[in-house]
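The structure file start37.csv is reproduced below (CSV, C-alpha atoms).
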```csv
chain,number,residue,atom,x,y,z
D,163,MET,CA,36.7,-275.8,142.4
D,164,THR,CA,36.0,-279.4,143.7
D,165,LEU,CA,37.8,-282.3,142.1
D,166,SER,CA,34.7,-283.6,140.3
D,167,SER,CA,33.7,-280.3,138.8
D,168,LYS,CA,37.3,-279.9,137.6
D,169,GLU,CA,36.9,-283.4,136.0
D,170,SER,CA,33.7,-282.4,134.3
D,171,ALA,CA,35.1,-279.1,133.0
D,172,GLY,CA,38.0,-281.1,131.5
D,173,ALA,CA,35.5,-283.5,129.9
D,174,ARG,CA,33.5,-280.6,128.5
D,175,ALA,CA,36.7,-279.0,127.0
D,176,ALA,CA,37.5,-282.3,125.4
D,177,PHE,CA,34.0,-282.6,124.0
D,178,PHE,CA,34.3,-279.2,122.3
D,179,ALA,CA,37.8,-280.0,121.1
D,180,GLY,CA,36.4,-283.1,119.4
D,181,ALA,CA,33.5,-281.2,117.8
D,182,LEU,CA,35.9,-278.5,116.5
D,183,ARG,CA,38.4,-281.0,115.2
D,184,CYS,CA,35.5,-282.6,113.3
D,185,ALA,CA,34.1,-279.4,111.8
D,186,PRO,CA,36.0,-279.5,108.4
D,187,VAL,CA,35.0,-283.1,108.0
D,188,ALA,CA,31.4,-282.2,108.7
D,189,LEU,CA,31.6,-280.0,105.6
D,190,GLY,CA,32.5,-283.0,103.5
D,191,VAL,CA,29.7,-285.0,105.1
D,192,LEU,CA,27.3,-282.1,104.4
D,193,ALA,CA,28.1,-282.2,100.7
D,194,TYR,CA,27.5,-286.0,100.5
D,195,GLY,CA,24.3,-285.6,102.6
D,196,LEU,CA,22.9,-283.2,100.0
D,197,VAL,CA,23.5,-285.7,97.3
D,198,PHE,CA,22.0,-288.5,99.4
D,199,GLY,CA,18.9,-286.4,100.1
D,200,ALA,CA,18.4,-285.6,96.4
D,201,LEU,CA,18.7,-289.4,95.5
D,202,ALA,CA,16.3,-290.4,98.3
D,203,GLN,CA,13.8,-288.0,96.9
D,204,GLN,CA,14.2,-289.5,93.4
D,205,ALA,CA,13.9,-293.0,94.9
D,206,GLY,CA,10.4,-292.0,96.2
D,207,LEU,CA,11.1,-291.4,99.9
D,208,SER,CA,9.2,-288.6,101.6
D,209,LEU,CA,11.0,-285.8,103.4
D,210,GLY,CA,10.1,-287.3,106.8
D,211,GLU,CA,11.2,-290.8,105.7
D,212,THR,CA,14.6,-289.4,104.5
D,213,ALA,CA,15.1,-287.6,107.8
D,214,ALA,CA,14.1,-290.8,109.7
D,215,MET,CA,16.5,-292.9,107.6
D,216,ASN,CA,19.4,-290.5,108.4
D,217,ALA,CA,18.5,-290.4,112.1
D,218,ILE,CA,17.9,-294.1,112.6
D,219,VAL,CA,20.3,-295.8,110.2
D,220,TYR,CA,23.0,-293.1,110.3
D,221,SER,CA,25.4,-294.8,107.9
D,222,GLY,CA,26.2,-293.1,104.6
D,223,SER,CA,27.6,-295.9,102.5
D,224,ALA,CA,24.9,-298.4,103.5
D,225,GLN,CA,22.2,-295.8,102.9
D,226,PHE,CA,23.4,-295.1,99.3
D,227,VAL,CA,23.4,-298.8,98.5
D,228,ALA,CA,20.0,-299.2,100.1
D,229,LEU,CA,18.6,-296.6,97.6
D,230,GLY,CA,20.1,-298.7,94.8
D,231,LEU,CA,18.1,-301.8,96.1
D,232,TRP,CA,15.0,-299.8,96.9
D,233,THR,CA,11.5,-301.1,95.9
D,234,MET,CA,8.1,-300.8,97.4
D,235,PRO,CA,7.6,-302.7,99.7
D,236,PRO,CA,11.2,-302.5,100.7
D,237,PRO,CA,13.2,-305.7,100.5
D,238,VAL,CA,14.0,-305.9,104.2
D,239,MET,CA,16.1,-309.0,104.1
D,240,ALA,CA,18.3,-307.8,101.2
D,241,LEU,CA,18.7,-304.4,102.9
D,242,ALA,CA,19.8,-306.1,106.2
D,243,ILE,CA,22.3,-308.3,104.4
D,244,ALA,CA,23.7,-305.4,102.3
D,245,THR,CA,24.1,-303.4,105.5
D,246,LEU,CA,25.9,-306.2,107.2
D,247,LEU,CA,28.4,-306.6,104.3
D,248,ILE,CA,29.0,-302.9,103.8
D,249,ASN,CA,29.3,-302.0,107.5
D,250,PHE,CA,31.4,-304.9,108.6
D,251,ARG,CA,34.4,-302.6,108.7
D,252,PHE,CA,32.8,-301.0,111.8
D,253,PHE,CA,33.6,-304.3,113.6
D,254,LEU,CA,37.3,-303.5,113.3
D,255,MET,CA,36.9,-299.9,114.2
D,256,ALA,CA,34.7,-300.6,117.2
D,257,ALA,CA,37.3,-303.2,118.4
D,258,THR,CA,39.8,-300.4,118.8
D,259,MET,CA,37.4,-298.2,120.9
D,260,GLY,CA,38.1,-299.9,124.3
D,261,ARG,CA,41.0,-297.7,125.2
D,262,VAL,CA,39.1,-294.5,124.1
D,263,LEU,CA,36.2,-295.3,126.4
D,264,GLU,CA,38.4,-296.6,129.2
D,265,GLY,CA,36.7,-296.3,132.6
D,266,TRP,CA,33.2,-296.0,131.1
D,267,SER,CA,30.5,-298.3,132.3
D,268,LEU,CA,29.6,-301.0,129.8
D,269,PRO,CA,26.0,-299.7,129.1
D,270,ARG,CA,27.4,-296.2,128.4
D,271,ALA,CA,30.2,-297.6,126.2
D,272,LEU,CA,27.7,-299.7,124.2
D,273,LEU,CA,25.4,-296.7,123.7
D,274,ALA,CA,28.4,-294.7,122.4
D,275,MET,CA,28.9,-297.3,119.7
D,276,PHE,CA,26.1,-295.7,117.8
D,277,TRP,CA,28.4,-292.8,117.1
D,278,VAL,CA,31.2,-294.9,115.4
D,279,THR,CA,31.4,-293.9,111.8
D,280,ASP,CA,34.5,-293.8,109.4
D,281,GLU,CA,35.1,-290.1,109.8
D,282,ASN,CA,34.8,-289.4,113.5
D,283,TRP,CA,36.4,-292.8,114.4
D,284,ALA,CA,39.4,-291.7,112.3
D,285,ILE,CA,39.6,-288.3,113.9
D,286,THR,CA,39.4,-289.8,117.4
D,287,MET,CA,42.2,-292.3,116.6
D,288,ALA,CA,44.4,-289.6,115.0
D,289,GLU,CA,44.0,-287.5,118.1
D,290,GLY,CA,45.8,-290.2,120.0
D,291,GLN,CA,45.6,-291.0,123.7
D,292,ARG,CA,44.5,-287.9,125.8
D,293,ARG,CA,42.6,-287.1,128.9
D,294,HIS,CA,38.9,-287.4,128.4
D,295,TRP,CA,39.4,-289.2,125.1
D,296,GLY,CA,35.9,-290.6,125.3
D,297,ALA,CA,34.4,-287.1,125.7
D,298,PHE,CA,36.4,-286.0,122.7
D,299,PHE,CA,34.9,-288.9,120.7
D,300,LEU,CA,31.4,-287.9,121.7
D,301,GLY,CA,32.2,-284.3,120.5
D,302,THR,CA,33.2,-285.6,117.1
D,303,GLY,CA,29.9,-287.5,116.8
D,304,ALA,CA,27.9,-284.5,118.0
D,305,MET,CA,29.3,-282.5,115.1
D,306,LEU,CA,28.7,-285.1,112.4
D,307,TYR,CA,25.3,-286.4,113.3
D,308,PRO,CA,23.4,-283.1,112.9
D,309,ALA,CA,25.4,-282.4,109.7
D,310,TRP,CA,24.2,-285.7,108.2
D,311,LEU,CA,20.6,-285.1,109.4
D,312,ALA,CA,20.3,-281.6,108.1
D,313,SER,CA,22.0,-282.2,104.8
D,314,GLY,CA,19.7,-285.0,103.9
D,315,VAL,CA,16.7,-282.8,104.5
D,316,ILE,CA,18.1,-279.9,102.5
D,317,GLY,CA,19.1,-282.3,99.7
D,318,HIS,CA,15.7,-283.8,99.6
D,319,THR,CA,14.1,-280.3,99.4
D,320,LEU,CA,16.5,-279.1,96.7
D,321,GLY,CA,16.1,-282.3,94.8
D,322,THR,CA,18.0,-282.6,91.5
D,323,VAL,CA,19.4,-279.1,91.8
D,324,VAL,CA,22.3,-280.6,93.7
D,325,ALA,CA,25.3,-280.9,91.4
D,326,ASP,CA,27.6,-283.8,90.8
D,327,PRO,CA,30.0,-283.9,93.8
D,328,LYS,CA,32.9,-284.9,91.5
D,329,ARG,CA,32.8,-281.5,89.8
D,330,TRP,CA,33.6,-279.7,93.0
D,331,GLY,CA,36.3,-282.2,94.1
D,332,PHE,CA,34.2,-283.4,97.0
D,333,ASP,CA,34.8,-287.0,96.0
D,334,PHE,CA,38.4,-286.4,96.9
D,335,ALA,CA,37.6,-284.8,100.2
D,336,PHE,CA,37.4,-288.0,102.2
D,337,THR,CA,40.5,-289.4,100.6
D,338,ALA,CA,42.2,-286.2,101.7
D,339,VAL,CA,40.8,-286.5,105.3
D,340,PHE,CA,41.8,-290.1,105.7
D,341,LEU,CA,45.3,-289.4,104.2
D,342,THR,CA,45.9,-286.4,106.5
D,343,LEU,CA,44.9,-288.5,109.6
D,344,ALA,CA,47.0,-291.4,108.4
D,345,VAL,CA,50.0,-289.1,108.0
D,346,GLY,CA,49.4,-287.8,111.5
D,347,LEU,CA,49.5,-291.3,113.0
D,348,ALA,CA,52.5,-292.3,110.8
D,349,ARG,CA,54.5,-289.3,112.0
D,350,ARG,CA,54.1,-290.4,115.6
D,351,ARG,CA,54.7,-294.1,115.2
D,352,LYS,CA,56.8,-295.4,112.3
D,353,THR,CA,55.8,-298.9,111.4
D,354,PRO,CA,56.5,-299.1,107.6
D,355,LEU,CA,55.9,-302.9,107.4
D,356,VAL,CA,52.4,-302.4,108.7
D,357,TRP,CA,51.7,-299.6,106.2
D,358,ILE,CA,53.0,-301.6,103.3
D,359,ALA,CA,51.0,-304.7,104.2
D,360,SER,CA,47.9,-302.7,104.7
D,361,ALA,CA,48.1,-300.7,101.5
D,362,ALA,CA,49.1,-303.7,99.3
D,363,ALA,CA,46.3,-305.9,100.7
D,364,ALA,CA,43.7,-303.2,100.4
D,365,VAL,CA,44.5,-302.4,96.8
D,366,LEU,CA,44.6,-306.1,96.0
D,367,ALA,CA,41.2,-306.7,97.7
D,368,ASP,CA,39.8,-303.7,95.8
D,369,ARG,CA,40.9,-305.2,92.5
D,370,LEU,CA,39.7,-308.7,93.2
D,371,LEU,CA,36.7,-308.2,95.4
D,372,SER,CA,35.2,-304.9,94.5
D,373,ASP,CA,32.4,-306.6,92.4
D,374,SER,CA,31.7,-309.1,95.1
D,375,SER,CA,28.9,-308.7,97.6
D,376,LEU,CA,31.4,-307.4,100.2
D,377,GLY,CA,31.7,-304.2,98.1
D,378,SER,CA,33.3,-301.2,99.8
D,379,SER,CA,34.1,-303.0,103.1
D,380,ALA,CA,36.4,-305.6,101.5
D,381,PRO,CA,39.5,-303.4,101.1
D,382,VAL,CA,39.2,-301.9,104.6
D,383,LEU,CA,38.7,-305.4,106.2
D,384,VAL,CA,41.5,-307.1,104.3
D,385,GLY,CA,43.9,-304.2,104.5
D,386,GLY,CA,43.2,-303.5,108.2
D,387,LEU,CA,43.6,-307.2,109.1
D,388,ALA,CA,46.8,-307.6,107.0
D,389,GLY,CA,48.4,-304.6,108.9
D,390,ALA,CA,47.2,-305.9,112.2
D,391,LEU,CA,48.5,-309.4,111.4
D,392,VAL,CA,52.0,-308.0,110.7
D,393,ALA,CA,51.9,-306.1,114.0
D,394,ALA,CA,50.9,-309.3,115.8
D,395,LEU,CA,53.6,-311.4,114.3
D,396,ALA,CA,56.3,-308.9,114.8
D,397,PRO,CA,55.2,-306.5,117.6
D,398,ARG,CA,58.3,-304.4,117.0
D,399,ALA,CA,58.1,-304.6,113.2
D,400,GLY,CA,59.7,-301.4,112.0
D,401,ASP,CA,58.6,-299.6,115.1
D,402,ALA,CA,61.1,-296.8,115.3
D,403,ARG,CA,59.7,-295.3,118.4
M,174,MET,CA,5.8,-292.7,107.6
M,175,ARG,CA,4.8,-296.0,106.0
M,176,ALA,CA,5.2,-298.9,108.5
M,177,GLU,CA,7.1,-301.2,106.1
M,178,ILE,CA,9.7,-298.5,105.4
M,179,LEU,CA,10.2,-297.9,109.2
M,180,LEU,CA,10.7,-301.7,109.5
M,181,ALA,CA,13.4,-301.6,106.8
M,182,PHE,CA,15.2,-298.7,108.5
M,183,LEU,CA,15.1,-300.4,111.9
M,184,ALA,CA,16.5,-303.6,110.4
M,185,MET,CA,19.4,-301.7,108.8
M,186,ALA,CA,20.0,-299.8,112.0
M,187,ALA,CA,19.9,-303.0,114.1
M,188,VAL,CA,22.5,-304.7,111.9
M,189,SER,CA,24.7,-301.7,111.8
M,190,TYR,CA,24.6,-301.1,115.5
M,191,GLY,CA,25.0,-304.8,116.3
M,192,ILE,CA,28.2,-305.0,114.3
M,193,ARG,CA,29.7,-302.2,116.4
M,194,VAL,CA,28.7,-303.6,119.7
M,195,ALA,CA,30.1,-307.0,118.7
M,196,GLY,CA,33.4,-305.4,117.6
M,197,PHE,CA,33.6,-303.5,120.8
M,198,LEU,CA,33.1,-306.6,123.0
M,199,VAL,CA,35.5,-308.7,121.0
M,200,GLY,CA,38.1,-305.9,121.0
M,201,GLY,CA,37.9,-305.8,124.8
M,202,ARG,CA,38.9,-309.5,124.9
M,203,LEU,CA,41.8,-309.0,122.5
M,204,GLU,CA,43.4,-306.4,124.8
M,205,GLU,CA,44.3,-309.2,127.2
M,206,HIS,CA,46.8,-310.9,124.9
M,207,PRO,CA,50.1,-309.2,124.2
M,208,ARG,CA,50.3,-310.1,120.5
M,209,LEU,CA,46.7,-309.2,119.9
M,210,ARG,CA,47.2,-306.0,121.8
M,211,ALA,CA,50.0,-305.2,119.5
M,212,ALA,CA,47.7,-305.9,116.6
M,213,LEU,CA,45.0,-303.6,118.0
M,214,ASP,CA,47.6,-300.9,118.6
M,215,GLN,CA,48.4,-300.8,114.8
M,216,LEU,CA,44.9,-301.5,113.6
M,217,PRO,CA,43.9,-297.8,113.4
M,218,ALA,CA,46.8,-296.9,111.1
M,219,ALA,CA,46.2,-300.0,109.1
M,220,ILE,CA,42.5,-299.2,108.6
M,221,LEU,CA,43.2,-295.6,107.7
M,222,ILE,CA,45.7,-296.7,105.0
M,223,ALA,CA,43.3,-299.3,103.7
M,224,LEU,CA,40.7,-296.6,103.4
M,225,VAL,CA,43.0,-294.4,101.3
M,226,ALA,CA,45.1,-296.8,99.2
M,227,PRO,CA,42.3,-298.2,96.9
M,228,SER,CA,40.9,-294.8,96.0
M,229,LEU,CA,44.4,-293.6,95.1
M,230,ALA,CA,45.2,-296.7,93.1
M,231,ARG,CA,42.0,-296.1,91.1
M,232,GLY,CA,42.8,-292.5,90.5
M,233,GLY,CA,45.2,-290.9,88.0
M,234,PRO,CA,48.0,-288.3,88.0
M,235,ALA,CA,45.6,-285.5,89.2
M,236,GLU,CA,44.7,-287.6,92.3
M,237,TRP,CA,48.3,-288.7,92.9
M,238,LEU,CA,49.7,-285.2,92.8
M,239,ALA,CA,46.9,-283.8,95.0
M,240,ALA,CA,47.5,-286.7,97.4
M,241,ALA,CA,51.2,-285.8,97.5
M,242,ALA,CA,50.4,-282.2,98.4
M,243,VAL,CA,48.0,-283.4,101.1
M,244,ALA,CA,50.5,-285.8,102.6
M,245,GLY,CA,53.3,-283.1,102.5
M,246,LEU,CA,51.1,-280.5,104.2
M,247,ALA,CA,49.7,-283.0,106.7
M,248,TRP,CA,53.3,-283.8,107.8
M,249,TRP,CA,54.0,-280.1,108.6
M,250,VAL,CA,50.6,-278.7,109.6
M,251,ASP,CA,48.7,-280.1,112.5
M,252,LEU,CA,45.4,-278.8,111.3
M,253,LEU,CA,43.0,-280.9,109.3
M,254,LEU,CA,41.4,-278.1,107.4
M,255,ILE,CA,44.5,-276.9,105.6
M,256,PRO,CA,45.5,-280.2,103.9
M,257,LEU,CA,41.8,-281.0,103.2
M,258,ALA,CA,41.1,-277.7,101.5
M,259,ALA,CA,44.4,-277.7,99.6
M,260,GLY,CA,43.7,-281.3,98.4
M,261,VAL,CA,40.2,-280.5,97.2
M,262,VAL,CA,41.3,-277.3,95.4
M,263,ALA,CA,44.4,-279.1,93.9
M,264,VAL,CA,42.4,-282.0,92.6
M,265,VAL,CA,39.8,-279.7,90.9
M,266,LEU,CA,42.6,-277.6,89.2
M,267,LEU,CA,44.7,-280.7,88.3
M,268,ARG,CA,41.8,-282.5,86.7
M,269,GLY,CA,41.5,-279.6,84.4
M,270,VAL,CA,45.1,-279.9,83.4
M,271,VAL,CA,46.4,-283.5,83.5
```

Go ahead and render the structure in this file as structure tokens.
Amino acid sequence: MTLSSKESAGARAAFFAGALRCAPVALGVLAYGLVFGALAQQAGLSLGETAAMNAIVYSGSAQFVALGLWTMPPPVMALAIATLLINFRFFLMAATMGRVLEGWSLPRALLAMFWVTDENWAITMAEGQRRHWGAFFLGTGAMLYPAWLASGVIGHTLGTVVADPKRWGFDFAFTAVFLTLAVGLARRRKTPLVWIASAAAAVLADRLLSDSSLGSSAPVLVGGLAGALVAALAPRAGDAR
Amino acid sequence: MRAEILLAFLAMAAVSYGIRVAGFLVGGRLEEHPRLRAALDQLPAAILIALVAPSLARGGPAEWLAAAAVAGLAWWVDLLLIPLAAGVVAVVLLRGVV
């Protein structure tokens, strides 16, 4: 085997590892996609439009809020501003992607930014530095994107048959996923000051700002920045490694 | 598809994508400074905790107990599916009890 084919075999293995690692999360996304599809149908979107929205916008929380603002013709400016506020947390997540995509050309790296969502970003980060980390990340996205696409279409077709996600505990699924991944990171690197700062700031922001226009992004932004600030001020803060 | 709807979707997509591109480009710059690099190092853990903490603070005993089970399992088992499934089952059962 030549060196380059060995390289590409390694990248392929990392891609499939990422997809596999993301499979349980794709189930949770599937459940939410069903609900989204049903709501989109009620909001008056056609099947094709629902599928197009999932394919083009590809952002669960912003899409749910968009349905809440939906009128005909659509309020484009309001939708764009709402998307900006809701998705601003992606700014922080994308900022950490440099080391994942190390060695990639800029155009390829920028294309890959389309795949950055809460769930697969979290799985990629929790995986930690590895060979072909970028290919692993692409694999996680390749698992989530079709799940989101298909579930929206199915939900739209089934319509109101889709039950309340709370009844099945699906509302807790994402908390469980993020908690599991956080514990995985915490186990490897013990920085309690960062955790405390982040948790306290996030809860506070949730209490104070949840009704503001920043909505669901506010706790993530404030908590993430508070944790990062502690790390910047005291690079060894509680770092027991 | 109606044209004005496509326009709305494209606007949302452009904003959403633009945020990520801007974050990636800014993040690359931050790597060059030691303190900001340390901040970037810890940012993933901080974001993950910030994603979880508010939803737990809003929950009640059922969510807290289920979260404790998830965290305990996650510490010992290096497989996402097990804590995830246990957490969802636990929260459904506990909501019926507490």

* Asked: For chain M, which residues have at least one atom within 7 Å of chain D, if we go by only C-alpha atoms? Write them as a PyMOL selection string, please.
  -> chain M and resi 174+177-178+181-186+188-190+192-197+199-201+208-209+211-213+215-227+230+240+243-244+247-248+253-254+256-257+260-261+264-265

Residue selection dump (C-alpha atoms) as a PDB file, in the frame of the given file:
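As a result, again22.pdb now contains:
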```
ATOM      1  CA  MET M 174       5.800-292.700 107.600  1.00  0.00           C
ATOM      2  CA  GLU M 177       7.100-301.200 106.100  1.00  0.00           C
ATOM      3  CA  ILE M 178       9.700-298.500 105.400  1.00  0.00           C
ATOM      4  CA  ALA M 181      13.400-301.600 106.800  1.00  0.00           C
ATOM      5  CA  PHE M 182      15.200-298.700 108.500  1.00  0.00           C
ATOM      6  CA  LEU M 183      15.100-300.400 111.900  1.00  0.00           C
ATOM      7  CA  ALA M 184      16.500-303.600 110.400  1.00  0.00           C
ATOM      8  CA  MET M 185      19.400-301.700 108.800  1.00  0.00           C
ATOM      9  CA  ALA M 186      20.000-299.800 112.000  1.00  0.00           C
ATOM     10  CA  VAL M 188      22.500-304.700 111.900  1.00  0.00           C
ATOM     11  CA  SER M 189      24.700-301.700 111.800  1.00  0.00           C
ATOM     12  CA  TYR M 190      24.600-301.100 115.500  1.00  0.00           C
ATOM     13  CA  ILE M 192      28.200-305.000 114.300  1.00  0.00           C
ATOM     14  CA  ARG M 193      29.700-302.200 116.400  1.00  0.00           C
ATOM     15  CA  VAL M 194      28.700-303.600 119.700  1.00  0.00           C
ATOM     16  CA  ALA M 195      30.100-307.000 118.700  1.00  0.00           C
ATOM     17  CA  GLY M 196      33.400-305.400 117.600  1.00  0.00           C
ATOM     18  CA  PHE M 197      33.600-303.500 120.800  1.00  0.00           C
ATOM     19  CA  VAL M 199      35.500-308.700 121.000  1.00  0.00           C
ATOM     20  CA  GLY M 200      38.100-305.900 121.000  1.00  0.00           C
ATOM     21  CA  GLY M 201      37.900-305.800 124.800  1.00  0.00           C
ATOM     22  CA  ARG M 208      50.300-310.100 120.500  1.00  0.00           C
ATOM     23  CA  LEU M 209      46.700-309.200 119.900  1.00  0.00           C
ATOM     24  CA  ALA M 211      50.000-305.200 119.500  1.00  0.00           C
ATOM     25  CA  ALA M 212      47.700-305.900 116.600  1.00  0.00           C
ATOM     26  CA  LEU M 213      45.000-303.600 118.000  1.00  0.00           C
ATOM     27  CA  GLN M 215      48.400-300.800 114.800  1.00  0.00           C
ATOM     28  CA  LEU M 216      44.900-301.500 113.600  1.00  0.00           C
ATOM     29  CA  PRO M 217      43.900-297.800 113.400  1.00  0.00           C
ATOM     30  CA  ALA M 218      46.800-296.900 111.100  1.00  0.00           C
ATOM     31  CA  ALA M 219      46.200-300.000 109.100  1.00  0.00           C
ATOM     32  CA  ILE M 220      42.500-299.200 108.600  1.00  0.00           C
ATOM     33  CA  LEU M 221      43.200-295.600 107.700  1.00  0.00           C
ATOM     34  CA  ILE M 222      45.700-296.700 105.000  1.00  0.00           C
ATOM     35  CA  ALA M 223      43.300-299.300 103.700  1.00  0.00           C
ATOM     36  CA  LEU M 224      40.700-296.600 103.400  1.00  0.00           C
ATOM     37  CA  VAL M 225      43.000-294.400 101.300  1.00  0.00           C
ATOM     38  CA  ALA M 226      45.100-296.800  99.200  1.00  0.00           C
ATOM     39  CA  PRO M 227      42.300-298.200  96.900  1.00  0.00           C
ATOM     40  CA  ALA M 230      45.200-296.700  93.100  1.00  0.00           C
ATOM     41  CA  ALA M 240      47.500-286.700  97.400  1.00  0.00           C
ATOM     42  CA  VAL M 243      48.000-283.400 101.100  1.00  0.00           C
ATOM     43  CA  ALA M 244      50.500-285.800 102.600  1.00  0.00           C
ATOM     44  CA  ALA M 247      49.700-283.000 106.700  1.00  0.00           C
ATOM     45  CA  TRP M 248      53.300-283.800 107.800  1.00  0.00           C
ATOM     46  CA  LEU M 253      43.000-280.900 109.300  1.00  0.00           C
ATOM     47  CA  LEU M 254      41.400-278.100 107.400  1.00  0.00           C
ATOM     48  CA  PRO M 256      45.500-280.200 103.900  1.00  0.00           C
ATOM     49  CA  LEU M 257      41.800-281.000 103.200  1.00  0.00           C
ATOM     50  CA  GLY M 260      43.700-281.300  98.400  1.00  0.00           C
ATOM     51  CA  VAL M 261      40.200-280.500  97.200  1.00  0.00           C
ATOM     52  CA  VAL M 264      42.400-282.000  92.600  1.00  0.00           C
ATOM     53  CA  VAL M 265      39.800-279.700  90.900  1.00  0.00           C
TER      54      VAL M 265
END
```

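The two atoms in question, atom CA of D:Arg350 and atom CA of D:Thr286, are spaced 14.8 Å apart.
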
task = Take the point (40.1, -291.5, 124.7) as written in the file and pick out every residue within 10 Å of it, counting all atoms listed in the file; give the list as number ranges by chain.
result = D: 176, 259-265, 286-287, 289-300

Between atom CA of M:Ala235 and atom CA of D:Val227, what distance in Å does the model show, to one decimal?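 We find that atom CA of M:Ala235 and atom CA of D:Val227 lie 27.5 Å from each other.
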
Using only C-alpha atoms, the residue out of M:Leu238, M:Val250, M:Leu198, M:Ala258 with shortest distance to M:Val271 is M:Leu238

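Minimum distance to M:Gly269 across M:Glu236, M:Arg210, M:Gly245, M:Gly191 (counting only C-alpha atoms) occurs at M:Glu236.
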
- Message: Just to confirm, what's the straight-line distance from atom CA of D:Arg270 to atom CA of D:Val315 in Å (one decimal)?
- Response: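 That distance, rounded to one decimal, is 29.4 Å.
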